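Below is one structure; the comments refer to it alone.
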Amino acid sequence: MRAGALEGVRVLDLATLFAGPMAATLLGDFGAEVIKVEHPGRPDPSRGHGPAKDGVGLWWKVLGRNKRAITLDLSRPGGRATLLRLAATADVVIENFRPGTLERWDLGWAELAAANPRLVLARVTAFGQFGPYAHRPGFGTLAEAMSGFAALTGEPDAPPVLPPFGLADSVAGLTTAYAVLTALAARERTGTGQVVDMAIIEPILSVLGPHPTWYDQLGYVQERTGNRSANNAPRNTYRTADGTWVAVSTSAQSVAERVMRLVGRPELIEEPWFATGAERAAHAEVLDAAVGSWIAGRTRTEVLAAFEKAEAAVAPVQDVRDVFEDPQYQALNTVTTVPDPELGPLRLQNVLFRLSATPGAIRWAGRPHGADTDAVLTELGLAPSDIAALRAEGAL
């Protein structure tokens, strides 16, 4: 196996649940050595989230991949001292405690930087390290609500819709990995580390696009439009003759014209309003009726083949069963197989992108709680008697 792009980078993952741990996972996918630090009696709650097999949490197998798992109680003197020894060997620490928690344990930035001036400390919280909400508890759901995402999602005459998965956490996890790499690049010039302050409420607002600017300049507030777009049409999901669904998008004018020719309504292209995406969106009822009735008379296979021949944009609405069978995902190896000592062959999402010279890889799935404690601490220079003393103290 070729060396990953981040080989030689050591990351201490002190975070729980999703955004912070996901950032550490993404770094580990490309070769960083990630040491997952969990409380001895209260492991990362993601180990218990969602379905389990034979008592083994499956979400953790994904989120904990490429991580060595150790336990430390950071509130105990031995745990604090051991963490500082580990930090002295690390490049990155990722944590998501409420602001002030590390400081209460004498493990704040001052202490960590004293132990290792080159350290990057990524602090991932719901609301950031300062401001009126900083000390509130929070999760990604609150970010999805606060950012405007939920207000935009759903049908116009229905309640706002929250995503059925950790969207804001995932966006923040991706952003945190980017922030860490940015700080590491700066360290190459300055020689010193710094603090990353990641508020989960911010990245999801950024990916929503120009809404703040629209409001600032025009007072415009976009309403819920369901599957339709305010910027182009036809854009919707449509039911096929065999009871499945497809999604159609016409962001480009040429594609919109191809779709209307395909569905037998070329005369609509000549309408004055058809010339722009916004005007087409204002006539979505007419366009949806034309496209929807054509699709309703054909099976999904027929629809997909006809759209492909017409060079028009379409995709099947797939659930996870379809994803497993999709030939494009298969070609990309997007869902890969990893051997696991607890569960045997395990299928999970592969690394996020392909690098030609220093590719990422899933070397192993999530490890059992504390499985690598003795090995990591022995490598750190602790003797068996030191490790036994830490266990007696309750620090491990």
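Naming works like this for the structure tokens: A, B, ... for the chains as they're shown, residue 1 at the start of each chain, ligands 1 onward in shown order.
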Each residue of stretch 200-303 of chain A lying at most 7 Å from stretch 314-328 of chain A should get a row with its shortest atom-to-atom pair and the distance in Å to one decimal, counting only C-alpha atoms; could you produce that, ordered by chain and increasing number, as a Markdown table?
```
| residue | atom | partner | partner_atom | distance |
| --- | --- | --- | --- | --- |
| A:Trp245 | CA | A:Val317 | CA | 5.4 |
| A:Val246 | CA | A:Pro316 | CA | 4.3 |
| A:Ala247 | CA | A:Ala315 | CA | 5.3 |
| A:Val248 | CA | A:Val314 | CA | 4.7 |
| A:Ser249 | CA | A:Val314 | CA | 6.7 |
```
Prev. selection, N, CA, C and O atoms, output as a PDB file, in the first residue's frame:
```pdb
ATOM      1  N   TRP A 245     -39.171   6.393  -9.043  1.00  0.00           N
ATOM      2  CA  TRP A 245     -39.066   7.839  -9.220  1.00  0.00           C
ATOM      3  C   TRP A 245     -37.748   8.189  -9.897  1.00  0.00           C
ATOM      4  O   TRP A 245     -36.745   7.494  -9.721  1.00  0.00           O
ATOM      5  N   VAL A 246     -37.775   9.280 -10.662  1.00  0.00           N
ATOM      6  CA  VAL A 246     -36.559   9.840 -11.231  1.00  0.00           C
ATOM      7  C   VAL A 246     -36.525  11.331 -10.920  1.00  0.00           C
ATOM      8  O   VAL A 246     -37.558  11.958 -10.681  1.00  0.00           O
ATOM      9  N   ALA A 247     -35.319  11.874 -10.915  1.00  0.00           N
ATOM     10  CA  ALA A 247     -35.127  13.305 -10.715  1.00  0.00           C
ATOM     11  C   ALA A 247     -34.601  13.914 -12.009  1.00  0.00           C
ATOM     12  O   ALA A 247     -33.707  13.356 -12.648  1.00  0.00           O
ATOM     13  N   VAL A 248     -35.143  15.080 -12.359  1.00  0.00           N
ATOM     14  CA  VAL A 248     -34.753  15.785 -13.567  1.00  0.00           C
ATOM     15  C   VAL A 248     -34.289  17.181 -13.180  1.00  0.00           C
ATOM     16  O   VAL A 248     -34.906  17.846 -12.341  1.00  0.00           O
ATOM     17  N   SER A 249     -33.186  17.625 -13.789  1.00  0.00           N
ATOM     18  CA  SER A 249     -32.698  18.980 -13.576  1.00  0.00           C
ATOM     19  C   SER A 249     -32.373  19.613 -14.922  1.00  0.00           C
ATOM     20  O   SER A 249     -31.875  18.943 -15.835  1.00  0.00           O
TER      21      SER A 249
END
```
Might you pull out every residue within 9 Å of stretch 270-284 of chain A, with only C-alpha atoms counted and same-chain residues fewer than 4 positions away left off, and present them as a list in words? Arg228, Ser229, Ala230, Asn231, Asn232, Ala233, Pro234, Arg235, Thr250, Ser251, Ala252, Gln253, Ala256, Glu257, Pro266, Asp288 and Ala289 of chain A
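Within stretch 63-299 of chain A, DSSP applied to the backbone places the following residues in strand (DSSP E): Lys67, Arg68, Ala69, Ile70, Thr71, Val92, Val93, Ile94, Glu95, Val120, Leu121, Ala122, Arg123, Val124, Thr125, Val195, Val196, Asp197, Met198, Ala199, Asn236, Thr237, Tyr238, Arg239, Trp245, Val246, Ala247 and Val248 of chain A.
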Quick one: DSSP alpha helix (DSSP H) residues in stretch 140-381 of chain A, as a count of residues only?
-> 107
re atom CA of A:Arg2 and atom CA of A:Asn333: distance 17.8 Å
Next on the checklist: Neighbouring residues of A:Thr141 were defined as those with any atom within 10 Å, considering only C-alpha atoms; residues of the same chain fewer than 6 positions away were excluded. Please report them as a list in words.
Outcome noted: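 That gives Ala126, Ala150, Leu162, Pro163, Pro164, Phe165, Gly166, Leu167, Ala168, Asp169, Ile200 and Ile201 of chain A.
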Save the residues we just selected, N, CA and C atoms, as a tab-separated table (two decimals), in the first residue's frame?
```tsv
chain	number	residue	atom	x	y	z
A	126	ALA	N	-21.14	23.75	18.80
A	126	ALA	CA	-22.34	24.17	18.07
A	126	ALA	C	-22.28	25.64	17.69
A	150	ALA	N	-33.67	24.51	7.23
A	150	ALA	CA	-34.98	23.90	7.44
A	150	ALA	C	-36.09	24.78	6.88
A	162	LEU	N	-36.46	18.97	8.66
A	162	LEU	CA	-35.09	18.69	9.08
A	162	LEU	C	-34.59	17.43	8.36
A	163	PRO	N	-33.32	17.35	8.01
A	163	PRO	CA	-32.82	16.16	7.33
A	163	PRO	C	-32.81	14.96	8.26
A	164	PRO	N	-33.03	13.75	7.74
A	164	PRO	CA	-33.03	12.55	8.58
A	164	PRO	C	-31.64	11.97	8.80
A	165	PHE	N	-30.64	12.80	8.74
A	165	PHE	CA	-29.25	12.38	8.97
A	165	PHE	C	-28.48	13.62	9.42
A	166	GLY	N	-27.23	13.43	9.82
A	166	GLY	CA	-26.45	14.54	10.38
A	166	GLY	C	-25.87	15.45	9.32
A	167	LEU	N	-26.69	16.23	8.66
A	167	LEU	CA	-26.21	17.08	7.58
A	167	LEU	C	-25.27	18.16	8.09
A	168	ALA	N	-25.70	18.96	9.05
A	168	ALA	CA	-24.85	20.06	9.53
A	168	ALA	C	-23.57	19.53	10.14
A	169	ASP	N	-23.65	18.43	10.87
A	169	ASP	CA	-22.43	17.83	11.43
A	169	ASP	C	-21.48	17.39	10.33
A	200	ILE	N	-20.53	24.90	14.39
A	200	ILE	CA	-21.30	24.06	13.47
A	200	ILE	C	-22.39	24.86	12.77
A	201	ILE	N	-22.84	25.97	13.38
A	201	ILE	CA	-23.89	26.76	12.75
A	201	ILE	C	-23.41	27.52	11.52
```
I'd like the neighbourhood of A:Glu393 as a list of chain:residue names, where a residue qualifies if any of its atoms comes within 10 Å (using only C-alpha atoms), though same-chain residues fewer than 4 positions away should be ignored.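 So the residues in contact are A:Asp73, A:Arg76, A:Pro77, A:Gly78, A:Gly79, A:Ile387, A:Ala388, A:Ala389.
Between atom CA of A:Val351 and atom CA of A:Asp29 lies a distance of 6.2 Å.
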As a ChimeraX atom specification, please: the residues near stretch 207-216 of chain A (cut-off 10 Å, only C-alpha atoms, same-chain neighbours under 5 positions excluded). /A:147-149,152,171,202,221-222
From atom CA of A:Pro384 to atom CA of A:Glu95 the spacing works out at 28.1 Å
With stretch 17-24 of chain A as the partner and 7 Å as the cut-off, tabulate the residues of stretch 140-258 of chain A that qualify, each row holding the nearest pair of atoms and their distance in Å to one decimal, using only C-alpha atoms, sorted by chain and rising number, as CSV.
```
residue,atom,partner,partner_atom,distance
A:Asp169,CA,A:Ala19,CA,4.5
A:Ser170,CA,A:Ala19,CA,5.8
A:Ala172,CA,A:Ala19,CA,5.6
A:Gly173,CA,A:Ala19,CA,4.2
A:Leu174,CA,A:Ala23,CA,6.0
A:Thr176,CA,A:Ala23,CA,5.7
A:Ala177,CA,A:Ala23,CA,4.7
```
